[in-house]
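S.K.: This is the content of final_26.csv (CSV, C-alpha atoms):
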```csv
chain,number,residue,atom,x,y,z
Q,87,MET,CA,-39.3,-3.1,-207.9
Q,88,LYS,CA,-38.6,-2.3,-211.6
Q,89,MET,CA,-42.2,-1.1,-212.1
Q,90,ASN,CA,-41.9,1.2,-209.0
Q,91,LYS,CA,-38.8,2.8,-210.4
Q,92,LEU,CA,-40.4,3.3,-213.8
Q,93,GLY,CA,-43.4,4.8,-212.1
Q,94,LEU,CA,-41.3,7.1,-210.1
Q,95,ILE,CA,-39.4,8.3,-213.2
Q,96,ALA,CA,-42.7,8.9,-215.1
Q,97,PHE,CA,-44.0,10.9,-212.1
Q,98,LEU,CA,-40.9,13.0,-211.9
Q,99,MET,CA,-41.0,13.7,-215.7
Q,100,ILE,CA,-44.7,14.8,-215.5
Q,101,ALA,CA,-44.0,17.0,-212.5
Q,102,LEU,CA,-41.0,18.6,-214.3
Q,103,ILE,CA,-43.1,19.4,-217.4
Q,104,GLY,CA,-45.9,20.8,-215.2
Q,105,PHE,CA,-43.4,23.0,-213.3
Q,106,SER,CA,-41.9,24.2,-216.5
Q,107,CYS,CA,-45.3,25.1,-218.0
Q,108,THR,CA,-46.3,26.9,-214.8
Q,109,ASN,CA,-43.1,29.0,-214.8
Q,110,THR,CA,-43.5,29.8,-218.5
Q,111,LYS,CA,-47.0,31.0,-217.8
Q,112,LYS,CA,-46.0,33.1,-214.8
Q,113,SER,CA,-43.1,34.6,-216.9
Q,114,GLU,CA,-45.6,35.5,-219.7
Q,115,GLU,CA,-48.0,37.0,-217.2
Q,116,SER,CA,-45.2,39.0,-215.5
Q,117,SER,CA,-44.1,40.3,-218.9
Q,118,ASP,CA,-47.7,41.4,-219.7
Q,119,GLU,CA,-48.1,43.1,-216.4
Q,120,THR,CA,-44.9,45.2,-216.8
Q,121,SER,CA,-45.0,45.9,-220.5
Q,122,GLY,CA,-47.4,48.8,-219.9
Q,123,THR,CA,-45.1,50.5,-217.4
Q,124,MET,CA,-41.7,50.3,-219.1
Q,125,GLU,CA,-40.5,50.3,-222.7
Q,126,VAL,CA,-36.9,49.8,-223.9
Q,127,LYS,CA,-35.8,51.0,-227.3
Q,128,ALA,CA,-32.2,51.7,-228.4
Q,129,ASN,CA,-31.1,51.4,-224.8
Q,130,ILE,CA,-33.6,54.2,-223.8
Q,131,THR,CA,-36.1,53.2,-221.1
Q,132,LEU,CA,-39.4,55.0,-220.6
Q,133,THR,CA,-40.9,54.2,-217.2
Q,134,LYS,CA,-44.0,55.5,-215.5
Q,135,ALA,CA,-43.0,57.6,-212.5
Q,136,PRO,CA,-43.9,56.4,-209.0
Q,137,PRO,CA,-46.9,58.1,-207.3
Q,138,SER,CA,-46.2,61.6,-206.0
Q,139,PRO,CA,-47.9,63.6,-203.3
Q,140,GLU,CA,-51.4,64.5,-204.6
Q,141,PHE,CA,-53.1,67.8,-204.2
Q,142,PRO,CA,-56.8,67.1,-205.1
Q,143,ALA,CA,-58.0,70.4,-203.8
Q,144,ALA,CA,-55.3,72.6,-205.3
Q,145,ASN,CA,-56.8,75.6,-207.0
Q,146,LEU,CA,-55.3,78.2,-209.4
Q,147,ILE,CA,-57.6,81.2,-209.9
Q,148,LYS,CA,-56.9,84.2,-212.1
Q,149,ARG,CA,-57.9,87.5,-210.4
Q,150,GLY,CA,-59.4,89.8,-213.0
Q,151,ASP,CA,-58.3,90.3,-216.6
Q,152,ALA,CA,-54.6,90.4,-217.5
Q,153,ALA,CA,-53.3,94.0,-217.4
Q,154,ILE,CA,-51.8,94.9,-220.8
Q,155,THR,CA,-49.6,97.9,-221.0
Q,156,PRO,CA,-48.1,99.1,-224.3
Q,157,THR,CA,-44.4,100.0,-224.6
Q,158,ASP,CA,-42.4,101.3,-227.6
Q,159,SER,CA,-42.2,98.0,-229.3
Q,160,SER,CA,-44.3,95.4,-227.4
Q,161,PHE,CA,-46.7,95.0,-224.5
Q,162,VAL,CA,-46.2,94.2,-220.9
Q,163,VAL,CA,-48.8,91.6,-219.6
Q,164,ASN,CA,-49.4,91.2,-215.9
Q,165,TYR,CA,-51.4,88.3,-214.4
Q,166,THR,CA,-52.4,87.9,-210.8
Q,167,PHE,CA,-53.4,84.5,-209.5
Q,168,ASP,CA,-54.8,83.3,-206.2
Q,169,VAL,CA,-53.3,79.9,-205.2
Q,170,GLN,CA,-55.4,77.8,-202.8
Q,171,ASN,CA,-54.6,74.6,-201.0
Q,172,TYR,CA,-51.1,74.6,-202.4
Q,173,GLU,CA,-48.0,76.3,-201.2
Q,174,LEU,CA,-45.7,78.0,-203.6
Q,175,GLY,CA,-42.0,78.1,-202.7
Q,176,LYS,CA,-42.1,74.9,-200.6
Q,177,PRO,CA,-40.1,71.8,-201.6
Q,178,THR,CA,-42.5,69.0,-202.4
Q,179,ASP,CA,-42.3,66.5,-199.6
Q,180,ASP,CA,-40.7,63.6,-201.5
Q,181,TYR,CA,-38.3,65.5,-203.7
Q,182,GLU,CA,-35.2,63.9,-202.1
Q,183,THR,CA,-36.4,60.4,-203.1
Q,184,ARG,CA,-37.2,61.1,-206.8
Q,185,GLY,CA,-33.7,61.1,-208.2
Q,186,ILE,CA,-34.5,63.8,-210.8
Q,187,ALA,CA,-33.8,67.5,-211.2
Q,188,ASN,CA,-35.5,69.6,-208.5
Q,189,SER,CA,-35.9,73.3,-208.1
Q,190,GLY,CA,-34.4,74.6,-204.9
Q,191,LYS,CA,-36.9,77.4,-205.0
Q,192,GLY,CA,-39.7,75.0,-204.4
Q,193,GLN,CA,-43.2,74.5,-205.8
Q,194,HIS,CA,-44.2,77.0,-208.5
Q,195,ILE,CA,-46.4,77.8,-211.5
Q,196,HIS,CA,-45.6,76.7,-215.0
Q,197,TYR,CA,-46.6,79.5,-217.4
Q,198,ILE,CA,-46.8,78.6,-221.1
Q,199,VAL,CA,-47.7,80.8,-224.1
Q,200,ASN,CA,-48.7,79.2,-227.4
Q,201,ASN,CA,-47.1,75.9,-226.2
Q,202,GLY,CA,-43.6,77.4,-226.0
Q,203,PRO,CA,-41.1,76.6,-223.3
Q,204,TYR,CA,-42.6,77.3,-219.8
Q,205,ALA,CA,-41.4,80.0,-217.4
Q,206,ALA,CA,-41.4,79.0,-213.7
Q,207,HIS,CA,-43.0,81.5,-211.3
Q,208,TYR,CA,-42.6,81.1,-207.6
Q,209,MET,CA,-45.0,83.9,-206.7
Q,210,PRO,CA,-48.7,84.3,-207.7
Q,211,GLY,CA,-47.9,87.3,-209.9
Q,212,ILE,CA,-46.7,86.8,-213.5
Q,213,ASN,CA,-45.2,89.4,-215.8
Q,214,ASP,CA,-44.6,88.8,-219.5
Q,215,GLU,CA,-43.7,90.8,-222.5
Q,216,LEU,CA,-45.5,90.0,-225.8
Q,217,GLU,CA,-45.7,91.4,-229.2
Q,218,ALA,CA,-49.1,92.2,-230.7
Q,219,GLY,CA,-50.9,89.0,-231.6
Q,220,ASN,CA,-53.2,86.2,-230.5
Q,221,TYR,CA,-52.1,83.8,-227.8
Q,222,VAL,CA,-53.2,80.9,-225.8
Q,223,VAL,CA,-52.0,81.2,-222.2
Q,224,LEU,CA,-51.8,78.1,-220.0
Q,225,ALA,CA,-50.7,78.2,-216.3
Q,226,PHE,CA,-50.7,75.2,-214.0
Q,227,LEU,CA,-49.3,74.3,-210.6
Q,228,SER,CA,-46.1,72.4,-210.5
Q,229,ARG,CA,-44.3,70.3,-207.8
Q,230,SER,CA,-40.7,71.4,-207.0
Q,231,TYR,CA,-39.3,68.8,-209.3
Q,232,HIS,CA,-41.4,70.2,-212.2
Q,233,GLU,CA,-44.1,67.5,-212.2
Q,234,SER,CA,-47.4,69.1,-213.1
Q,235,VAL,CA,-50.3,69.0,-210.7
Q,236,LYS,CA,-53.1,67.3,-212.7
Q,237,SER,CA,-56.0,68.1,-210.3
Q,238,PRO,CA,-59.2,69.5,-212.0
Q,239,ASP,CA,-58.8,73.1,-210.7
Q,240,ALA,CA,-55.0,73.3,-210.7
Q,241,TYR,CA,-54.7,75.2,-214.0
Q,242,HIS,CA,-56.0,78.2,-216.0
Q,243,ILE,CA,-56.2,78.6,-219.7
Q,244,GLU,CA,-57.4,81.4,-221.9
Q,245,ASN,CA,-57.2,83.1,-225.2
Q,246,LEU,CA,-55.4,86.4,-225.0
Q,247,VAL,CA,-55.5,89.2,-227.6
Q,248,VAL,CA,-52.6,91.6,-227.4
Q,249,GLY,CA,-52.6,94.9,-229.3
Q,250,ASP,CA,-54.7,96.1,-232.2
Q,251,VAL,CA,-55.0,92.8,-234.1
Q,252,GLU,CA,-57.9,90.8,-235.5
Q,253,PRO,CA,-59.0,88.3,-232.8
Q,254,ASP,CA,-58.3,84.7,-233.8
Q,255,SER,CA,-59.3,82.5,-230.8
Q,256,ALA,CA,-58.4,78.8,-230.4
Q,257,ASP,CA,-61.2,76.4,-229.5
Q,258,LEU,CA,-60.4,75.7,-225.9
Q,259,SER,CA,-63.0,73.0,-225.6
Q,260,ALA,CA,-61.1,70.9,-228.1
Q,261,PRO,CA,-58.4,68.3,-227.2
Q,262,HIS,CA,-55.0,69.9,-226.6
Q,263,LEU,CA,-51.6,68.7,-225.7
Q,264,PHE,CA,-49.1,71.0,-224.1
Q,265,TYR,CA,-45.4,70.1,-223.6
Q,266,SER,CA,-43.8,70.7,-220.2
Q,267,ARG,CA,-40.7,68.7,-219.4
Q,268,PRO,CA,-37.8,68.1,-220.1
Q,269,LYS,CA,-36.4,71.5,-220.7
Q,270,GLY,CA,-32.9,73.0,-221.1
Q,271,THR,CA,-29.7,71.4,-220.0
Q,272,TYR,CA,-29.2,68.6,-217.4
Q,273,THR,CA,-25.8,67.9,-215.8
Q,274,GLY,CA,-24.3,65.3,-213.5
Q,275,ALA,CA,-26.7,63.2,-211.6
Q,276,ASP,CA,-29.7,65.1,-213.1
Q,277,ALA,CA,-28.8,63.7,-216.5
Q,278,LYS,CA,-29.2,60.0,-215.5
Q,279,LYS,CA,-32.9,60.1,-215.1
Q,280,VAL,CA,-35.0,62.8,-216.9
Q,281,MET,CA,-38.7,63.3,-216.5
Q,282,LEU,CA,-41.1,63.5,-219.4
Q,283,ASP,CA,-44.3,65.4,-218.5
Q,284,PHE,CA,-47.0,67.1,-220.5
Q,285,TYR,CA,-50.4,68.7,-219.9
Q,286,LEU,CA,-53.7,67.5,-221.5
Q,287,LEU,CA,-57.0,69.3,-221.8
Q,288,ASN,CA,-60.4,67.9,-222.9
Q,289,THR,CA,-59.1,64.4,-223.7
Q,290,GLU,CA,-58.3,61.1,-221.9
Q,291,LEU,CA,-55.7,58.5,-222.9
Q,292,SER,CA,-56.4,54.8,-223.2
Q,293,ALA,CA,-55.1,51.7,-224.9
Q,294,ASP,CA,-57.9,51.8,-227.4
Q,295,GLY,CA,-58.4,55.5,-227.6
Q,296,ASN,CA,-56.3,58.7,-227.8
Q,297,LYS,CA,-52.6,58.3,-227.0
Q,298,VAL,CA,-49.5,60.4,-226.8
Q,299,ARG,CA,-46.7,59.3,-229.2
Q,300,ALA,CA,-43.4,60.2,-227.8
Q,301,THR,CA,-40.5,60.1,-230.3
Q,302,ILE,CA,-37.2,60.2,-228.4
Q,303,ASN,CA,-34.1,60.4,-230.7
Q,304,GLY,CA,-36.1,58.7,-233.4
Q,305,ASN,CA,-37.5,55.9,-231.2
Q,306,GLU,CA,-41.3,55.8,-230.8
Q,307,PHE,CA,-43.0,55.2,-227.5
Q,308,MET,CA,-46.8,55.0,-227.1
Q,309,ILE,CA,-48.2,56.5,-223.9
Q,310,ASP,CA,-51.8,55.6,-223.0
Q,311,GLU,CA,-52.0,57.0,-219.5
Q,312,TRP,CA,-51.7,60.7,-218.5
Q,313,ALA,CA,-48.8,60.5,-216.0
Q,314,PRO,CA,-45.1,61.6,-215.7
Q,315,TYR,CA,-42.5,59.2,-217.1
Q,316,TYR,CA,-38.8,58.8,-216.5
Q,317,MET,CA,-36.4,58.5,-219.4
Q,318,GLU,CA,-33.1,56.7,-218.7
Q,319,GLY,CA,-30.2,55.8,-221.0
Q,320,LEU,CA,-30.3,59.1,-222.9
Q,321,PRO,CA,-26.9,59.8,-224.5
Q,322,MET,CA,-24.8,62.8,-223.5
Q,323,GLY,CA,-25.3,65.8,-225.8
Q,324,ARG,CA,-28.4,66.8,-227.7
Q,325,ASN,CA,-31.5,64.8,-227.5
Q,326,GLU,CA,-34.6,65.3,-229.7
Q,327,ILE,CA,-38.1,64.8,-228.2
Q,328,LYS,CA,-41.3,65.0,-230.1
Q,329,LEU,CA,-44.8,64.6,-228.6
Q,330,GLU,CA,-48.0,64.1,-230.6
Q,331,LEU,CA,-51.6,63.6,-229.5
Q,332,ILE,CA,-52.9,60.9,-231.8
Q,333,ASP,CA,-56.2,59.0,-232.1
Q,334,SER,CA,-56.9,55.3,-232.0
Q,335,GLU,CA,-55.8,54.9,-235.6
Q,336,GLY,CA,-52.5,56.8,-235.2
Q,337,ASN,CA,-53.7,60.0,-236.8
Q,338,LEU,CA,-52.7,63.4,-235.3
Q,339,VAL,CA,-55.7,64.9,-233.4
Q,340,PRO,CA,-56.4,68.3,-235.0
Q,341,GLY,CA,-55.2,71.3,-232.9
Q,342,PRO,CA,-52.6,74.0,-233.0
Q,343,PHE,CA,-50.4,72.4,-230.2
Q,344,ASN,CA,-50.9,68.7,-230.6
Q,345,SER,CA,-47.5,68.2,-232.2
Q,346,VAL,CA,-44.5,69.7,-230.5
Q,347,GLU,CA,-40.7,69.2,-230.7
Q,348,ARG,CA,-38.0,70.1,-228.2
Q,349,THR,CA,-34.2,69.7,-227.9
Q,350,VAL,CA,-32.6,69.1,-224.5
Q,351,THR,CA,-28.9,68.7,-223.7
Q,352,LEU,CA,-27.3,66.3,-221.3
Q,353,GLU,CA,-23.8,66.9,-219.9
Q,354,GLU,CA,-21.5,65.0,-217.6
```
So, in terms of structure tokens, how does the structure I just supplied come out?
M.R.:
Amino acid sequence: MKMNKLGLIAFLMIALIGFSCTNTKKSEESSDETSGTMEVKANITLTKAPPSPEFPAANLIKRGDAAITPTDSSFVVNYTFDVQNYELGKPTDDYETRGIANSGKGQHIHYIVNNGPYAAHYMPGINDELEAGNYVVLAFLSRSYHESVKSPDAYHIENLVVGDVEPDSADLSAPHLFYSRPKGTYTGADAKKVMLDFYLLNTELSADGNKVRATINGNEFMIDEWAPYYMEGLPMGRNEIKLELIDSEGNLVPGPFNSVERTVTLEE
């Protein structure tokens, strides 16, 4: 009887150790699986956004050359686009479930000049006013909550020479990073979860290749997948965001737009 009790105790101890090791292994595996989707630094979380409606056939086509009209001190630039397989002005189907800022005017075009802040256009015609100079113009389709459509034909990019200046074109076949969101001021519920989104050309991101280094209020996050991300835990007031396209060794990839900084404001 004594031997049976000792044997039972030994069996229970072995089983307990095995259970503990299994749980530890599962915990480590779970940590590995989630570490690529969420990072936490200084109470700020950066999480990959859930999948959104896809538009694989969306097409943004420029119709003819931009019309450039001189004025007394600048130039008026007019673009006309043809949008196919995508509806401007319509709310994206899942906008109510995202929990982020959404445009009540619906889906639109993000129009960016020299990687400056975008202008949202809800019609296929775009008017701009520029001084004489050399510009890179990027336009891409956007969901109503300002998430870029990353389909192969959902954008247009070009060098634009305005006025009587010496042409100085950017190499549009090189890797480029363009900043999109966040932008401006977020208030109330919109300030709780803020989307970080950017546009890439001629490069892919990977764990052992190029990445985007996002520095949020001095805290660095490494992004190795081209996707939108949600920032939570940002403090009220001014928030500083810097995006950089870097190579596998952490060096900035050469290019005029591959390092960009923005300030956004959160209010109660």
S.K.: Could you give me, as a list in words, the residues that sit within 12 Å of (-40.2, 67.3, -231.9) in the file's coordinates, counting all atoms listed in the file?
M.R.: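 Every residue inside that radius is included here: Tyr265, Arg299, Ala300, Thr301, Ile302, Asn303, Gly304, Asn305, Glu306, Asn325, Glu326, Ile327, Lys328, Leu329, Glu330, Phe343, Asn344, Ser345, Val346, Glu347, Arg348, Thr349 and Val350 of chain Q.
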S.K.: Name all residues at most 8 Å from Ala135 (chain Q) (count all atoms listed in the file; drop same-chain ones fewer than 5 positions away) and give them as a ChimeraX atom specification.
M.R.: /Q:313-316
S.K.: May I ask which of the residues Q:Pro268, Q:Pro261, Q:Pro137, Q:Pro177 is the closest one to Ile332 (chain Q), counting only C-alpha atoms?
M.R.: Q:Pro261
S.K.: Between Q:Ala153, Q:Leu132, Q:Ile186, Q:Ala225, which residue has the minimum interatomic distance to Val169 (chain Q), considering only C-alpha atoms?
M.R.: Q:Ala225
S.K.: I want to know what sits within 7 Å of Val162 (chain Q), based on all atoms listed in the file, with residues of the same chain fewer than 2 positions away left out; could you give that as a PyMOL selection string?
M.R.: chain Q and resi 154-156+160+164+214-216
S.K.: Could you tell me which of Q:Tyr208, Q:Phe141, Q:Tyr241, Q:Tyr165 comes closest to Ser189 (chain Q) if we count all atoms listed in the file?
M.R.: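 Under the stated criterion, the closest residue is Q:Tyr208.
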S.K.: So which one's closest to Asp158 (chain Q), Q:Glu353, Q:Glu290, Q:Ala218, Q:Leu320? Using all atoms listed in the file, please.
M.R.: Q:Ala218
S.K.: Please, which residues are within 9 Å of (-37.2, 68.9, -219.0) by the file's coordinates, counting only C-alpha atoms, and could they come as a ChimeraX atom specification?
M.R.: /Q:187,232,266-272,280-283,350
S.K.: May I ask which of the residues Q:Asp276, Q:Glu125, Q:Asp180, Q:Asp239 is the closest one to Ala144 (chain Q), counting all atoms listed in the file?
M.R.: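 Looking at the shortest contact to Ala144 (chain Q), the residue is Q:Asp239.
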S.K.: Out of Q:Ser228, Q:Ser237, Q:Thr273, Q:Asn145, which residue has the shortest atom-to-atom distance to Asp168 (chain Q) when counting all atoms listed in the file?
M.R.: Q:Asn145
S.K.: In Å, rounded to a single decimal, give me how far CA of Arg229 (chain Q) is from CA of Val339 (chain Q).
M.R.: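 The value is 28.5 Å.
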S.K.: What does the distance between CA of Ser138 (chain Q) and CA of Val235 (chain Q) come to in Å, to one decimal place?
M.R.: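 So the two atoms, CA of Ser138 (chain Q) and CA of Val235 (chain Q), lie 9.7 Å apart.
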S.K.: I'd like the contact shell of Gly190 (chain Q) - 9 Å cut-off, all atoms listed in the file, skipping same-chain residues fewer than 3 positions apart - returned as a VMD selection string.
M.R.: chain Q and resid 175 to 177 193 230 to 231
S.K.: Report, in Å to a single decimal, how far apart CA of Met209 (chain Q) and CA of Ile243 (chain Q) are.
M.R.: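 Those two atoms sit 18.0 Å apart.
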